[in-house]
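S.K.: Hey, dropping query.txt in here, compact mmCIF, C-alpha atoms and all ligand atoms:
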# COMPACT_ATOMS: atom_id res chain seq x y z
CA MET T 1 105.36 132.60 108.08
CA HIS T 2 107.31 135.06 110.22
CA PHE T 3 110.60 133.56 111.44
CA THR T 4 112.80 135.03 114.17
CA SER T 5 116.20 133.77 115.31
CA TYR T 6 117.15 133.96 118.99
CA GLY T 7 120.59 132.42 118.46
CA HIS T 8 121.95 128.85 118.56
CA SER T 9 118.90 126.59 117.84
CA CYS T 10 116.35 128.91 119.43
CA PHE T 11 113.87 130.48 117.00
CA SER T 12 110.20 131.25 116.63
CA VAL T 13 107.68 130.84 113.83
CA ILE T 14 104.31 132.59 113.84
CA ILE T 15 101.43 130.59 112.33
CA LYS T 16 97.81 131.72 112.56
CA HIS T 17 98.84 134.41 115.07
CA LYS T 18 100.31 131.76 117.39
CA LYS T 19 103.92 132.27 118.35
CA ILE T 20 105.75 128.94 118.39
CA LEU T 21 109.14 129.02 120.12
CA PHE T 22 111.75 126.29 119.67
CA ASP T 23 114.56 125.09 121.95
CA PRO T 24 114.88 128.15 124.23
CA PHE T 25 118.54 128.81 125.06
CA ILE T 26 119.18 132.53 125.39
CA THR T 27 120.41 133.50 128.88
CA TYR T 28 123.61 131.43 128.68
CA ASN T 29 124.31 132.16 125.00
CA GLU T 30 127.13 134.72 124.77
CA LEU T 31 126.07 135.47 121.17
CA ALA T 32 122.49 136.31 122.24
CA LYS T 33 123.41 138.94 124.84
CA GLY T 34 121.24 141.48 123.05
CA ILE T 35 118.10 139.42 123.72
CA ASP T 36 116.32 139.44 127.06
CA ALA T 37 114.82 135.99 127.64
CA ALA T 38 112.40 137.62 130.09
CA SER T 39 110.78 139.52 127.20
CA VAL T 40 110.38 136.61 124.77
CA GLU T 41 106.71 135.74 124.22
CA ALA T 42 105.36 132.31 123.29
CA ASP T 43 102.07 130.47 122.85
CA TYR T 44 103.87 127.15 122.35
CA ILE T 45 107.38 125.90 123.14
CA PHE T 46 108.66 122.87 121.19
CA LEU T 47 111.67 121.02 122.62
CA SER T 48 113.64 118.77 120.27
CA HIS T 49 115.56 117.14 123.14
CA GLY T 50 116.75 117.62 126.70
CA HIS T 51 120.24 119.08 126.32
CA GLU T 52 120.87 122.31 128.18
CA ASP T 53 121.60 124.27 125.00
CA HIS T 54 117.97 123.57 123.97
CA ILE T 55 116.00 123.93 127.19
CA ALA T 56 117.89 126.25 129.57
CA ASP T 57 115.24 129.01 129.43
CA CYS T 58 112.22 126.70 129.04
CA VAL T 59 110.95 126.63 132.63
CA ALA T 60 111.21 130.42 133.05
CA ILE T 61 109.56 131.26 129.71
CA ALA T 62 106.84 128.60 130.08
CA THR T 63 106.06 129.76 133.62
CA ARG T 64 105.87 133.44 132.68
CA THR T 65 103.93 133.07 129.41
CA GLY T 66 101.81 130.01 130.17
CA ALA T 67 102.93 128.58 126.81
CA LYS T 68 102.15 124.92 126.15
CA VAL T 69 105.38 122.90 126.04
CA VAL T 70 105.48 120.07 123.48
CA CYS T 71 108.26 117.52 124.04
CA SER T 72 109.08 113.87 124.66
CA PHE T 73 107.11 112.03 127.35
CA GLU T 74 110.20 111.91 129.58
CA ILE T 75 110.87 115.67 129.34
CA HIS T 76 107.13 116.31 129.93
CA MET T 77 107.38 114.35 133.22
CA TRP T 78 110.58 116.24 134.18
CA LEU T 79 108.88 119.61 133.49
CA ASN T 80 105.77 118.58 135.46
CA ARG T 81 107.98 117.89 138.48
CA GLN T 82 109.30 121.46 138.19
CA GLY T 83 105.80 122.94 138.18
CA VAL T 84 105.43 123.35 134.40
CA THR T 85 102.17 121.48 133.86
CA ASN T 86 100.86 122.91 130.56
CA THR T 87 102.69 120.26 128.58
CA HIS T 88 101.91 117.92 125.71
CA PRO T 89 103.96 114.70 125.51
CA MET T 90 104.71 113.21 122.11
CA ASN T 91 107.09 110.64 120.70
CA THR T 92 108.75 109.78 117.42
CA GLY T 93 106.32 108.78 114.67
CA GLY T 94 103.30 110.43 116.28
CA LYS T 95 101.37 113.47 115.09
CA TRP T 96 98.85 115.82 116.67
CA SER T 97 96.51 118.56 115.42
CA PHE T 98 97.07 121.85 117.22
CA ASP T 99 95.08 125.06 116.63
CA PHE T 100 97.77 126.33 114.20
CA GLY T 101 98.26 123.06 112.25
CA VAL T 102 99.52 119.50 112.45
CA VAL T 103 102.89 118.48 113.90
CA LYS T 104 104.51 115.12 113.22
CA CYS T 105 107.46 113.96 115.31
CA VAL T 106 110.24 112.39 113.29
CA THR T 107 113.55 110.66 113.91
CA ALA T 108 116.57 112.62 115.08
CA HIS T 109 119.81 110.71 115.52
CA HIS T 110 121.34 112.27 118.64
CA SER T 111 121.04 111.86 122.45
CA SER T 112 118.74 113.53 124.97
CA GLY T 113 119.89 113.46 128.60
CA LEU T 114 118.51 116.28 130.76
CA PRO T 115 120.93 118.68 132.56
CA ASP T 116 120.50 116.89 135.93
CA GLY T 117 121.20 113.48 134.38
CA THR T 118 117.54 112.46 134.03
CA TYR T 119 116.80 110.34 130.97
CA GLY T 120 115.08 112.56 128.40
CA GLY T 121 113.71 109.93 126.02
CA ASN T 122 114.39 110.06 122.29
CA PRO T 123 115.47 113.27 120.58
CA MET T 124 112.98 114.36 117.89
CA GLY T 125 112.54 116.47 114.81
CA PHE T 126 109.21 118.13 113.96
CA VAL T 127 107.35 118.47 110.67
CA PHE T 128 104.81 121.30 110.74
CA THR T 129 101.93 121.37 108.25
CA SER T 130 99.57 124.35 108.24
CA GLU T 131 97.34 126.50 106.03
CA GLU T 132 100.12 129.12 106.05
CA GLY T 133 102.91 126.75 104.98
CA ASN T 134 105.00 123.76 105.97
CA PHE T 135 108.41 123.38 107.53
CA TYR T 136 110.75 120.88 109.19
CA TYR T 137 112.97 121.46 112.19
CA SER T 138 115.37 118.53 112.50
CA GLY T 139 116.64 119.29 116.01
CA ASP T 140 120.19 118.17 116.72
CA THR T 141 120.82 115.22 114.45
CA ALA T 142 123.19 113.35 112.21
CA LEU T 143 122.30 113.05 108.57
CA THR T 144 119.91 110.09 108.38
CA LEU T 145 118.27 108.17 105.55
CA ASP T 146 114.98 108.58 107.47
CA MET T 147 114.89 112.18 106.24
CA GLN T 148 113.84 110.80 102.84
CA LEU T 149 110.43 109.97 104.35
CA ILE T 150 109.62 113.61 105.10
CA PRO T 151 108.71 114.74 101.55
CA GLN T 152 106.21 111.86 101.48
CA TYR T 153 104.27 113.63 104.24
CA THR T 154 104.51 117.20 103.07
CA ALA T 155 106.04 119.67 100.62
CA LEU T 156 108.29 121.92 102.68
CA ASN T 157 108.51 125.71 102.29
CA PHE T 158 111.66 125.85 104.42
CA SER T 159 113.64 123.77 106.91
CA VAL T 160 115.81 124.46 109.94
CA LEU T 161 118.92 122.28 110.10
CA PRO T 162 122.07 122.21 112.27
CA ILE T 163 125.31 122.91 110.39
CA GLY T 164 127.93 123.29 113.14
CA ASP T 165 129.56 119.83 112.98
CA ASN T 166 131.08 118.01 116.02
CA PHE T 167 127.72 117.44 117.80
CA THR T 168 125.51 117.37 114.68
CA MET T 169 125.62 117.48 110.88
CA ASP T 170 128.06 119.84 109.23
CA ALA T 171 127.09 122.04 106.29
CA ALA T 172 128.01 119.37 103.72
CA ASP T 173 125.73 116.81 105.40
CA ALA T 174 123.01 119.46 105.68
CA VAL T 175 123.22 119.93 101.89
CA GLN T 176 122.55 116.19 101.53
CA ALA T 177 119.72 116.49 104.07
CA ALA T 178 118.19 119.29 102.00
CA LYS T 179 118.20 116.94 99.01
CA PHE T 180 116.62 114.11 101.03
CA ILE T 181 113.83 116.39 102.28
CA GLN T 182 113.47 118.10 98.85
CA CYS T 183 113.68 121.58 100.32
CA ARG T 184 115.60 124.49 98.77
CA LYS T 185 115.40 127.05 101.60
CA ILE T 186 117.44 126.07 104.66
CA ILE T 187 117.97 128.09 107.81
CA GLY T 188 121.20 127.01 109.47
CA VAL T 189 121.34 126.69 113.27
CA HIS T 190 123.63 125.20 115.96
CA TYR T 191 126.85 126.91 114.84
CA ASP T 192 129.35 129.41 116.31
CA THR T 193 127.92 129.28 119.87
CA PHE T 194 130.79 127.22 121.33
CA GLY T 195 134.38 126.60 120.29
CA TYR T 196 133.57 123.15 118.89
CA ILE T 197 131.04 124.45 116.38
CA LYS T 198 132.54 127.61 114.90
CA ILE T 199 132.11 127.64 111.12
CA ASP T 200 133.07 129.64 108.02
CA HIS T 201 129.77 131.27 107.01
CA GLU T 202 130.71 132.03 103.42
CA ALA T 203 132.07 128.51 102.82
CA ALA T 204 128.83 127.01 104.17
CA LYS T 205 126.68 129.26 101.97
CA GLN T 206 128.83 128.35 98.97
CA LEU T 207 128.25 124.60 99.53
CA PHE T 208 124.50 125.19 99.38
CA ALA T 209 124.67 127.60 96.44
CA GLU T 210 126.67 125.06 94.38
CA GLN T 211 123.67 122.71 94.62
CA GLY T 212 121.07 125.38 93.82
CA LEU T 213 120.05 125.65 97.48
CA GLN T 214 119.78 128.73 99.70
CA LEU T 215 121.33 128.80 103.18
CA TYR T 216 120.16 131.58 105.48
CA LEU T 217 122.28 132.42 108.53
CA LEU T 218 120.38 134.84 110.75
CA SER T 219 121.90 136.84 113.60
CA PRO T 220 120.23 136.55 117.01
CA GLY T 221 117.22 138.88 116.94
CA GLU T 222 116.96 138.88 113.13
CA SER T 223 113.64 138.02 111.43
CA MET T 224 112.51 137.09 107.93
CA GLU T 225 109.34 136.07 106.09
CA LEU T 226 109.30 132.54 104.67
NI NI C 1 122.00 118.20 121.73
MN MN C 2 122.65 121.04 120.93
I'd like the structure from this file rewritten - as C-alpha cells, please.
Ligand code: NI
Ligand code: MN
M.R.:
Amino acid sequence: MHFTSYGHSCFSVIIKHKKILFDPFITYNELAKGIDAASVEADYIFLSHGHEDHIADCVAIATRTGAKVVCSFEIHMWLNRQGVTNTHPMNTGGKWSFDFGVVKCVTAHHSSGLPDGTYGGNPMGFVFTSEEGNFYYSGDTALTLDMQLIPQYTALNFSVLPIGDNFTMDAADAVQAAKFIQCRKIIGVHYDTFGYIKIDHEAAKQLFAEQGLQLYLLSPGESMEL
C-alpha cells in the first residue's frame, strides 16, 4: 500500500488504484506550505471527526475531485447542506464494503464539534481490510481499552496513531495502543502542527524502539510503501 503524508493527520493510502484521503487539513497548516491542496487528488475522503484540523479542506477537495466522503451521519448532513452530496454516513461499530475493501468504524475517545458549532456526532477510528493489506487509523483519541478488540477483526500491516499529547495520546500511550492492536509498524500523526503538540522526534522513536516497535514520522509530502 502506497502511503503519503500531507502533514498533521492528513494522509492518503492507495488500495486497488483508489486514492483514499484522510482528514484533509492542508491550507491552514504552516508545516504543509509546500503542498497545494488544490492539486491533491482523491477517490474517497474519510473524516475521523469534525474538528477544523481534520476537515478544513474537505469541501474544496470533495467538490473539485468528486470524491466520496465517508464520515459520521451528522457530518454527512452538514456536508450535504454545503453542496457536498457524494457522501456515505457511518457510525461507530458499523462496517461497509467499498470497491477497495471493507471499512469498520471503531471507537475513538475524543470530541467532534464542527467549526460552526454544529454537533458532529461521535468521533471514529477506521479499520481497513483489503486484498492489498490491512490498517487502522485511530483518528484523534485517548488510549482506550476498546483498541484490544481490533486484532480480533483483522491482522494489521500498519497503523496511524496520534502522538502529540494535549489533545490526544502521547507517544507513550501510543506505544501501549500498538500493543493493544498488536501492530509493530506505527505512523505517528497529530504532532508539531501547533504549540501544544510539539514533540521530541528522537525521544518518541526511542520509546517505540525500546518495545520492538517501529515509529515512522513522515514529513508533509513524503511517501512510503507499507
Ligand atoms: Ni480533534
Ligand atoms: Mn485534531
S.K.: Specify the axis-aligned box that encloses all atoms of region 27-45 of chain T listed in the file after padding of 8 Å on each side, stating its centre and edge lengths in Å to one decimal as AutoDock Vina command-line options.
M.R.:
--center_x 114.6 --center_y 133.7 --center_z 125.6 --size_x 41.1 --size_y 31.6 --size_z 24.9
S.K.: To one decimal in Å, tell me the separation between CA of Glu132 (chain T) and CA of Leu226 (chain T).
M.R.: 9.9 Å
S.K.: Neighbours of region 108-121 of chain T within 6 Å (only C-alpha atoms; same-chain residues fewer than 6 positions away dropped), as number ranges by chain?
M.R.: T: 49-52, 74-75, 141-142
S.K.: I'd like the interatomic distance between CA of Gln152 (chain T) and CA of Cys183 (chain T), to a tenth of an Å.
M.R.: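 Value for the CA of Gln152 (chain T)-CA of Cys183 (chain T) distance: 12.3 Å.
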S.K.: Out of T:Thr27, T:Ser9, T:Asn80, T:Gln214, which residue has the shortest atom-to-atom distance to ligand NI 1 (chain C) when counting all atoms listed in the file?
M.R.: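 The closest residue to ligand NI 1 (chain C) is T:Ser9.
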S.K.: Which residues come within 12 Å of Val59 (chain T), counting all atoms listed in the file, excluding same-chain residues fewer than 2 positions away, as a PyMOL selection string?
M.R.: chain T and resi 23-25+37-38+45+47+52+54-57+61-69+75-76+78-87
S.K.: Please compute the CA of Ser159 (chain T)-CA of Ile187 (chain T) distance, one decimal, in Å.
M.R.: 6.2 Å
S.K.: Got a sec: who's within 12 Å of Ala204 (chain T), counting only C-alpha atoms, leaving out chain neighbours fewer than 5 positions off, as an MDAnalysis selection string?
M.R.: chainID T and resid 162:165 170:175 186:189 191 198:199 209:211 213:217
S.K.: What would the file look like if the residues just selected were written as a PDB file, in the coordinates of the input with C-alpha atoms?
M.R.:
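Saved the output as again_13.pdb:
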ATOM      1  CA  PRO T 162     122.070 122.210 112.270  1.00  0.00           C
ATOM      2  CA  ILE T 163     125.310 122.910 110.390  1.00  0.00           C
ATOM      3  CA  GLY T 164     127.930 123.290 113.140  1.00  0.00           C
ATOM      4  CA  ASP T 165     129.560 119.830 112.980  1.00  0.00           C
ATOM      5  CA  ASP T 170     128.060 119.840 109.230  1.00  0.00           C
ATOM      6  CA  ALA T 171     127.090 122.040 106.290  1.00  0.00           C
ATOM      7  CA  ALA T 172     128.010 119.370 103.720  1.00  0.00           C
ATOM      8  CA  ASP T 173     125.730 116.810 105.400  1.00  0.00           C
ATOM      9  CA  ALA T 174     123.010 119.460 105.680  1.00  0.00           C
ATOM     10  CA  VAL T 175     123.220 119.930 101.890  1.00  0.00           C
ATOM     11  CA  ILE T 186     117.440 126.070 104.660  1.00  0.00           C
ATOM     12  CA  ILE T 187     117.970 128.090 107.810  1.00  0.00           C
ATOM     13  CA  GLY T 188     121.200 127.010 109.470  1.00  0.00           C
ATOM     14  CA  VAL T 189     121.340 126.690 113.270  1.00  0.00           C
ATOM     15  CA  TYR T 191     126.850 126.910 114.840  1.00  0.00           C
ATOM     16  CA  LYS T 198     132.540 127.610 114.900  1.00  0.00           C
ATOM     17  CA  ILE T 199     132.110 127.640 111.120  1.00  0.00           C
ATOM     18  CA  ALA T 209     124.670 127.600  96.440  1.00  0.00           C
ATOM     19  CA  GLU T 210     126.670 125.060  94.380  1.00  0.00           C
ATOM     20  CA  GLN T 211     123.670 122.710  94.620  1.00  0.00           C
ATOM     21  CA  LEU T 213     120.050 125.650  97.480  1.00  0.00           C
ATOM     22  CA  GLN T 214     119.780 128.730  99.700  1.00  0.00           C
ATOM     23  CA  LEU T 215     121.330 128.800 103.180  1.00  0.00           C
ATOM     24  CA  TYR T 216     120.160 131.580 105.480  1.00  0.00           C
ATOM     25  CA  LEU T 217     122.280 132.420 108.530  1.00  0.00           C
TER      26      LEU T 217
END
S.K.: So, with all atoms listed in the file as the atoms that count, which of T:Val160, T:Asp146, T:Asn166, T:Phe126 lies closest to Thr4 (chain T)?
M.R.: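 Among the listed residues, T:Val160 lies closest to Thr4 (chain T).
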S.K.: May I have the residues within 9 Å of region 94-104 of chain T as an MDAnalysis selection string, using only C-alpha atoms and disregarding those fewer than 5 positions away in the same chain?
M.R.: chainID T and resid 15:18 125:132
S.K.: Find the residue from T:Arg184, T:Gln148, T:Gly139, T:Pro220 that sits nearest to ligand NI 1 (chain C); use only C-alpha atoms and all ligand atoms when measuring.
M.R.: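 Selected residue with least distance to ligand NI 1 (chain C): T:Gly139.
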S.K.: From the options T:Thr168, T:Asn157, T:Thr92, T:Gln206, which residue's atoms come nearest to ligand MN 2 (chain C), counting all atoms listed in the file?
M.R.: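 Ranking T:Thr168, T:Asn157, T:Thr92, T:Gln206 by distance to ligand MN 2 (chain C), first place goes to T:Thr168.
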S.K.: Have a look at T:Met224, T:Ala177, T:Ile150, T:Met169 and name the one nearest to ligand MN 2 (chain C); count only C-alpha atoms and all ligand atoms.
M.R.: T:Met169
S.K.: Near Leu21 (chain T), within 8 Å and counting all atoms listed in the file, which residues show up once chain neighbours fewer than 3 positions away are dropped, as a list of chain:residue names?
M.R.: T:Cys10, T:Phe11, T:Ser12, T:Val13, T:Pro24, T:Ala42, T:Asp43, T:Tyr44, T:Ile45, T:Phe46
S.K.: For ligand MN 2 (chain C), which residue among T:His201, T:Lys19, T:His2, T:His190 is the nearest when counting only C-alpha atoms and all ligand atoms?
M.R.: T:His190
